[in-house]
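Raw my_file_12.cif, mmCIF, C-alpha atoms:
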```
data_coords
loop_
_atom_site.label_atom_id
_atom_site.label_comp_id
_atom_site.auth_asym_id
_atom_site.auth_seq_id
_atom_site.Cartn_x
_atom_site.Cartn_y
_atom_site.Cartn_z
CA MET K 18 28.61 36.98 -23.83
CA ILE K 19 28.92 34.19 -26.43
CA LYS K 20 32.18 33.06 -24.84
CA LEU K 21 30.62 33.09 -21.36
CA ARG K 22 27.65 31.07 -22.59
CA ARG K 23 30.00 28.46 -24.09
CA ILE K 24 31.98 28.22 -20.84
CA PHE K 25 28.82 27.75 -18.79
CA LEU K 26 27.42 25.15 -21.19
CA LEU K 27 30.66 23.17 -20.99
CA SER K 28 30.53 23.37 -17.21
CA LEU K 29 26.92 22.24 -17.12
CA CYS K 30 27.73 19.29 -19.38
CA ALA K 31 30.46 18.33 -16.92
CA LEU K 32 28.00 18.79 -14.06
CA LEU K 33 25.40 16.54 -15.65
CA ALA K 34 27.96 13.87 -16.49
CA THR K 35 29.85 13.93 -13.24
CA LEU K 36 26.94 14.05 -10.85
CA THR K 37 25.91 10.59 -11.95
CA ALA K 38 28.96 9.09 -13.62
CA PRO K 39 31.18 8.37 -10.60
CA PHE K 40 29.12 5.51 -9.32
CA ALA K 41 29.43 3.16 -12.25
CA ALA K 42 30.05 -0.52 -11.76
CA ALA K 43 32.24 -0.77 -8.70
CA ARG K 44 34.56 -3.74 -8.47
CA THR K 45 37.87 -4.55 -6.91
CA HIS K 46 40.94 -4.97 -9.10
CA ASP K 47 40.99 -8.76 -8.76
CA ASN K 48 37.37 -9.39 -9.71
CA THR K 49 35.64 -9.20 -13.08
CA ARG K 50 32.15 -8.69 -11.68
CA PRO K 51 30.69 -7.02 -8.60
CA ALA K 52 29.05 -9.12 -5.90
CA ALA K 53 25.32 -9.70 -6.33
CA ALA K 54 24.46 -9.55 -2.62
CA HIS K 55 22.31 -6.60 -1.53
CA PRO K 56 20.64 -5.60 1.73
CA THR K 57 16.92 -6.40 2.10
CA PRO K 58 15.08 -4.17 1.66
CA LEU K 59 17.23 -1.95 -0.54
CA PRO K 60 18.11 1.44 1.02
CA PHE K 61 15.81 3.34 -1.35
CA GLU K 62 12.79 1.02 -1.25
CA PRO K 63 9.91 1.04 -1.79
CA LYS K 64 10.09 4.57 -3.23
CA GLU K 65 12.47 7.49 -2.83
CA GLU K 66 12.98 10.99 -4.24
CA LEU K 67 16.17 13.06 -3.83
CA VAL K 68 16.30 16.73 -4.88
CA TYR K 69 19.56 18.68 -5.35
CA GLU K 70 20.58 22.21 -6.29
CA GLY K 71 23.70 23.09 -8.25
CA GLU K 72 25.80 26.24 -7.72
CA PHE K 73 28.63 27.65 -9.81
CA SER K 74 31.49 29.52 -8.09
CA LYS K 75 33.12 31.67 -10.77
CA LEU K 76 32.53 35.12 -12.25
CA LEU K 77 28.92 36.34 -12.16
CA LEU K 78 27.60 32.94 -11.12
CA ARG K 79 29.39 32.76 -7.76
CA GLY K 80 26.94 31.27 -5.29
CA VAL K 81 24.03 31.41 -7.74
CA GLN K 82 21.76 28.36 -8.02
CA ILE K 83 21.88 27.35 -11.68
CA ALA K 84 20.16 23.96 -11.80
CA GLU K 85 17.85 21.58 -9.96
CA PHE K 86 18.39 17.82 -10.02
CA ARG K 87 15.71 15.29 -9.11
CA PHE K 88 16.27 11.53 -8.71
CA THR K 89 13.61 8.89 -8.07
CA ALA K 90 13.70 5.16 -7.37
CA THR K 91 10.74 2.79 -7.62
CA ARG K 92 9.72 -0.60 -9.01
CA ALA K 93 7.58 -1.50 -12.00
CA ALA K 94 6.39 -4.54 -13.91
CA VAL K 95 8.40 -5.88 -16.84
CA ASN K 96 8.04 -3.60 -19.89
CA ALA K 97 6.29 -0.97 -17.76
CA THR K 98 7.16 2.68 -17.24
CA PRO K 99 7.07 4.45 -13.86
CA THR K 100 3.52 5.71 -14.60
CA ASP K 101 2.37 2.08 -14.96
CA VAL K 102 3.16 1.16 -11.35
CA ARG K 103 0.05 -0.37 -9.72
CA ASP K 104 -0.56 -2.75 -6.84
CA ASP K 105 -2.19 -5.32 -9.15
CA LEU K 106 0.89 -5.62 -11.43
CA PRO K 107 3.74 -8.07 -10.75
CA VAL K 108 6.55 -5.83 -9.53
CA THR K 109 9.92 -6.95 -10.88
CA ASN K 110 12.18 -4.29 -12.38
CA LEU K 111 13.82 -1.37 -10.63
CA ILE K 112 13.21 1.99 -12.33
CA PHE K 113 15.59 4.89 -11.68
CA THR K 114 15.02 8.34 -13.13
CA GLY K 115 17.13 11.49 -13.12
CA ASN K 116 16.09 14.99 -14.20
CA ALA K 117 18.03 18.26 -14.44
CA ASP K 118 16.56 21.67 -15.25
CA ALA K 119 17.99 25.18 -15.51
CA LYS K 120 16.97 27.53 -12.70
CA GLY K 121 15.02 30.64 -13.69
CA TRP K 122 17.61 33.37 -12.91
CA PHE K 123 20.38 31.53 -14.73
CA ARG K 124 18.12 30.88 -17.72
CA LYS K 125 17.06 34.54 -18.01
CA LEU K 126 20.50 36.10 -17.54
CA PHE K 127 22.47 33.95 -19.98
CA GLY K 128 19.75 32.76 -22.34
CA ILE K 129 20.65 29.14 -21.58
CA ASP K 130 17.72 26.77 -21.14
CA PHE K 131 18.30 23.06 -20.69
CA HIS K 132 16.44 19.95 -19.60
CA PHE K 133 17.95 16.51 -19.14
CA ASN K 134 16.01 13.33 -18.40
CA MET K 135 17.36 9.82 -17.94
CA GLU K 136 15.64 6.55 -17.09
CA SER K 137 17.36 3.27 -16.18
CA VAL K 138 15.58 -0.09 -16.10
CA VAL K 139 17.41 -2.60 -13.89
CA GLU K 140 16.97 -6.31 -13.17
CA PRO K 141 16.82 -6.33 -9.35
CA ASP K 142 18.34 -9.74 -8.51
CA THR K 143 21.61 -9.12 -10.33
CA PHE K 144 21.27 -5.30 -10.36
CA THR K 145 22.31 -5.26 -14.03
CA ILE K 146 21.10 -2.63 -16.48
CA LEU K 147 18.55 -3.66 -19.12
CA ARG K 148 17.84 -0.37 -20.86
CA THR K 149 18.81 3.29 -20.66
CA THR K 150 16.84 6.14 -22.25
CA LYS K 151 17.89 9.81 -22.28
CA LEU K 152 16.44 13.10 -23.50
CA ASP K 153 18.80 16.09 -23.71
CA GLU K 154 17.22 19.46 -24.59
CA GLN K 155 19.25 22.69 -24.84
CA GLY K 156 17.09 25.47 -26.22
CA LYS K 157 15.79 24.33 -29.62
CA ARG K 158 18.33 21.51 -29.83
CA ALA K 159 17.12 18.08 -28.70
CA ARG K 160 18.64 14.59 -28.71
CA ALA K 161 16.93 11.37 -27.62
CA SER K 162 18.88 8.15 -27.12
CA GLU K 163 18.38 4.56 -26.05
CA ALA K 164 20.95 1.96 -25.00
CA ILE K 165 20.06 -1.74 -24.97
CA PHE K 166 22.31 -4.10 -22.97
CA ASP K 167 22.20 -7.57 -24.53
CA ARG K 168 24.05 -9.98 -22.26
CA GLY K 169 23.31 -12.95 -24.46
CA ALA K 170 25.17 -11.31 -27.34
CA GLN K 171 27.55 -9.48 -24.96
CA GLN K 172 26.82 -6.25 -26.80
CA ILE K 173 25.59 -2.70 -26.20
CA THR K 174 23.49 -1.06 -28.91
CA TRP K 175 23.18 2.71 -28.53
CA THR K 176 20.84 4.71 -30.79
CA GLU K 177 20.52 8.49 -30.88
CA ARG K 178 17.78 10.41 -32.70
CA ASN K 179 16.75 14.01 -33.26
CA PRO K 180 13.12 14.16 -32.03
CA ASN K 181 12.67 17.49 -33.84
CA ASP K 182 13.45 15.80 -37.16
CA PRO K 183 11.87 12.32 -37.24
CA ALA K 184 12.96 11.81 -40.87
CA SER K 185 16.67 12.17 -40.07
CA GLN K 186 18.87 9.09 -39.90
CA PRO K 187 19.59 7.87 -36.36
CA ARG K 188 23.15 7.49 -35.11
CA ILE K 189 23.84 3.89 -34.05
CA ILE K 190 26.85 2.56 -32.13
CA GLN K 191 27.44 -1.08 -31.20
CA HIS K 192 30.11 -1.94 -28.65
CA PRO K 193 31.16 -5.10 -26.77
CA LEU K 194 29.57 -5.20 -23.32
CA ASP K 195 33.02 -5.59 -21.70
CA HIS K 196 31.67 -6.11 -18.13
CA ALA K 197 29.68 -2.87 -18.19
CA ALA K 198 26.87 -4.04 -15.93
CA TYR K 199 25.47 -0.55 -15.25
CA ASP K 200 24.82 2.82 -16.76
CA PHE K 201 25.91 5.78 -14.67
CA LEU K 202 22.49 6.36 -13.06
CA SER K 203 21.77 2.79 -11.97
CA ALA K 204 25.31 2.55 -10.61
CA ILE K 205 24.61 5.36 -8.12
CA TYR K 206 22.00 3.12 -6.57
CA TYR K 207 24.16 0.02 -6.84
CA LEU K 208 26.92 1.73 -4.88
CA ARG K 209 24.41 2.63 -2.18
CA THR K 210 23.82 -1.07 -1.55
CA GLN K 211 27.53 -1.76 -0.96
CA PRO K 212 29.73 -1.45 2.15
CA LEU K 213 32.35 1.29 1.84
CA VAL K 214 35.53 1.41 3.92
CA LEU K 215 37.96 4.27 4.43
CA GLY K 216 41.06 3.65 2.28
CA GLN K 217 39.21 1.39 -0.15
CA ARG K 218 40.14 1.57 -3.86
CA LEU K 219 37.70 0.57 -6.59
CA GLU K 220 37.68 0.46 -10.36
CA LEU K 221 34.49 1.71 -11.99
CA VAL K 222 33.14 0.26 -15.24
CA LEU K 223 30.90 2.82 -16.91
CA SER K 224 28.88 2.63 -20.13
CA ASP K 225 27.81 5.93 -21.67
CA SER K 226 26.66 6.70 -25.24
CA GLY K 227 27.68 3.25 -26.43
CA ASP K 228 31.22 3.37 -25.02
CA VAL K 229 32.74 1.68 -21.96
CA PHE K 230 35.04 3.43 -19.49
CA ARG K 231 37.11 2.25 -16.51
CA ILE K 232 37.57 4.86 -13.80
CA PRO K 233 39.56 4.60 -10.52
CA VAL K 234 37.79 5.62 -7.31
CA GLY K 235 39.02 5.98 -3.74
CA VAL K 236 37.27 6.33 -0.37
CA VAL K 237 39.55 8.99 1.13
CA GLU K 238 37.93 10.69 4.14
CA ARG K 239 35.38 10.21 6.92
CA LYS K 240 33.87 13.52 8.01
CA ARG K 241 30.94 14.84 10.03
CA MET K 242 29.00 17.27 7.86
CA LYS K 243 26.04 19.63 8.27
CA THR K 244 23.35 18.68 5.75
CA VAL K 245 19.62 18.96 5.19
CA LEU K 246 19.42 15.61 7.03
CA GLY K 247 21.13 17.18 10.05
CA LYS K 248 24.73 16.66 11.16
CA VAL K 249 25.70 13.30 9.73
CA GLN K 250 28.85 11.23 9.34
CA THR K 251 29.91 11.04 5.70
CA LEU K 252 32.43 9.28 3.49
CA ARG K 253 34.20 11.27 0.77
CA VAL K 254 34.75 9.44 -2.50
CA ASP K 255 37.26 10.88 -5.00
CA VAL K 256 36.67 9.99 -8.63
CA GLU K 257 39.29 10.16 -11.42
CA LEU K 258 36.79 11.18 -14.05
CA PHE K 259 38.91 13.58 -16.11
CA GLY K 260 41.77 12.82 -18.50
CA LYS K 261 42.89 10.38 -21.17
CA GLN K 262 40.59 7.34 -21.57
CA ARG K 263 38.21 8.81 -18.97
CA LEU K 264 34.63 9.98 -19.37
CA ILE K 265 35.69 13.64 -19.74
CA GLN K 266 38.83 13.65 -21.89
CA ASP K 267 39.05 17.23 -23.20
CA ARG K 268 39.64 19.12 -19.93
CA ASN K 269 41.36 18.86 -16.55
CA GLY K 270 39.39 18.52 -13.35
CA SER K 271 38.61 16.59 -10.20
CA MET K 272 35.51 15.37 -8.44
CA SER K 273 34.53 14.43 -4.88
CA VAL K 274 31.24 13.01 -3.60
CA TRP K 275 30.09 12.79 0.04
CA LEU K 276 27.72 9.94 1.02
CA THR K 277 26.14 9.34 4.41
CA ASP K 278 28.08 6.72 6.36
CA ASP K 279 25.01 4.67 7.23
CA ALA K 280 22.76 2.05 5.67
CA ARG K 281 21.11 4.48 3.24
CA ARG K 282 24.35 5.83 1.68
CA ILE K 283 22.60 9.02 0.50
CA PRO K 284 24.79 11.32 -1.65
CA VAL K 285 24.54 14.65 0.19
CA ARG K 286 27.09 16.69 -1.77
CA ALA K 287 29.23 16.57 -4.91
CA ARG K 288 31.99 19.00 -5.91
CA ILE K 289 33.54 19.26 -9.38
CA ASN K 290 36.59 21.47 -9.96
CA THR K 291 37.43 22.35 -13.57
CA ASP K 292 39.44 25.05 -15.31
CA VAL K 293 36.24 27.09 -15.74
CA GLY K 294 35.27 27.05 -12.07
CA GLU K 295 33.82 24.92 -9.29
CA LEU K 296 30.43 23.25 -9.34
CA THR K 297 28.78 22.23 -6.07
CA ILE K 298 25.67 20.02 -5.93
CA THR K 299 23.90 19.92 -2.56
CA LEU K 300 21.02 17.74 -1.33
CA LYS K 301 17.98 19.91 -0.53
CA ARG K 302 15.28 17.33 0.07
CA ALA K 303 15.01 13.57 0.62
CA VAL K 304 11.60 11.90 0.60
CA ALA K 305 11.24 8.18 1.33
CA GLN K 306 7.95 6.27 1.29
CA LYS K 307 7.55 3.27 3.56
#
```
Once you've parsed the file, please lay out its structure as structure tokens.
Amino acid sequence: MIKLRRIFLLSLCALLATLTAPFAAARTHDNTRPAAAHPTPLPFEPKEELVYEGEFSKLLLRGVQIAEFRFTATRAAVNATPTDVRDDLPVTNLIFTGNADAKGWFRKLFGIDFHFNMESVVEPDTFTILRTTKLDEQGKRARASEAIFDRGAQQITWTERNPNDPASQPRIIQHPLDHAAYDFLSAIYYLRTQPLVLGQRLELVLSDSGDVFRIPVGVVERKRMKTVLGKVQTLRVDVELFGKQRLIQDRNGSMSVWLTDDARRIPVRARINTDVGELTITLKRAVAQK
């Protein structure tokens, strides 16, 4: 059972990383920065919530829902949090949040309980990341981190703390910005503002935990797919996320993401294949406020 729990935890870590990581800063090979032009209004404005379920396809977990993912997009005043959003405040920054929680059956059977929360604060005109905060809880273990993107100093400062032990020394990493304009959550939404063409190749620039990664991406297939939104035309994006100098370096795998081929570019499915099994993340609900 201990070995199974370790396998599933590794898979869930890959799931959490790869659901959001593939959409980091997209740019063509001959440019150093992505274009700043975006549709008006943005596809997810003024508010949007997307809810996904994750399934594992190996051993006892075949077809079992193991996690729920919830993503929200809104706007807030400078230095505000999503709970501060009010009509009388000057609305400037984009706020993206992502949450992942273990499903009840999975938690009871394997004794694995996890919660992951991430918030990205983004400057809307340039769509560049200002701050990333994360909380990762696995049972009694907890880690809280914050990344500050200082474009004046061209530097990322990432700080991780143990919220269960406030007296412990924080872990701090400083890294050159190196064109990392996004974290992996804000980049999902950035990609949704961009035109995608079958056969297109992109290079992704991703900042995570103080490091910067460059990841190749290809738009490889156009396919009609049955989804919670109905039968929709989708684009499949393959992401080279695994391997040397990639986000996940210690195992082999592949990842594909399907987005609606329309103005909203909603991710409706993601599939991650690893040596411990296949993870499928499927859109279950999309709520947009107008």
Worksheet entry | Distance criterion (only C-alpha atoms): nearest to Ala119 (chain K) out of K:Pro58, K:Gly270, K:Gly156, K:Gly235 | K:Gly156
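The closest residue to Pro193 (chain K), picked from K:Glu295, K:Asp228, K:Asp153, K:Glu70 and counting all atoms listed in the file, is K:Asp228.
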Item to complete: List the neighbours of Glu66 (chain K) out to 6 Å using all atoms listed in the file; skip same-chain residues closer than 3 positions along the sequence, and give me the result as a ChimeraX atom specification.
Response: /K:88-89,303-304
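Residues matched by the PyMOL selection byres ((chain K and resi 286) around 8) in this file are Val274, Trp275, Leu276, Pro284, Val285, Ala287, Arg288, Thr297, Ile298, Thr299 and Leu300 of chain K.
The interatomic distance for the pair CA of Ala197 (chain K) and CA of Glu154 (chain K) works out to 26.4 Å.
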Around all of region 266-280 of chain K's listed atoms, make the axis-aligned box with 8 Å on each side and tell me centre and edge lengths in Å to one decimal, as lines of an AutoDock Vina configuration file.
```
center_x = 32.1
center_y = 10.6
center_z = -8.0
size_x = 34.6
size_y = 33.1
size_z = 46.4
```
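Among the candidates K:Asp225, K:Asp255, K:Asp279, K:Asp130, the one nearest to Pro212 (chain K) when counting only C-alpha atoms is K:Asp279.
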Discussion item. Would you pick out the contacts of Leu264 (chain K) at 7 Å or less, using all atoms listed in the file, so that residues sharing its chain but fewer than 3 positions from it are not included, and give the list as number ranges by chain?
Written reply: K: 230, 258-259
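The space separating CA of Asn269 (chain K) from CA of Ile232 (chain K) comes to 14.8 Å.
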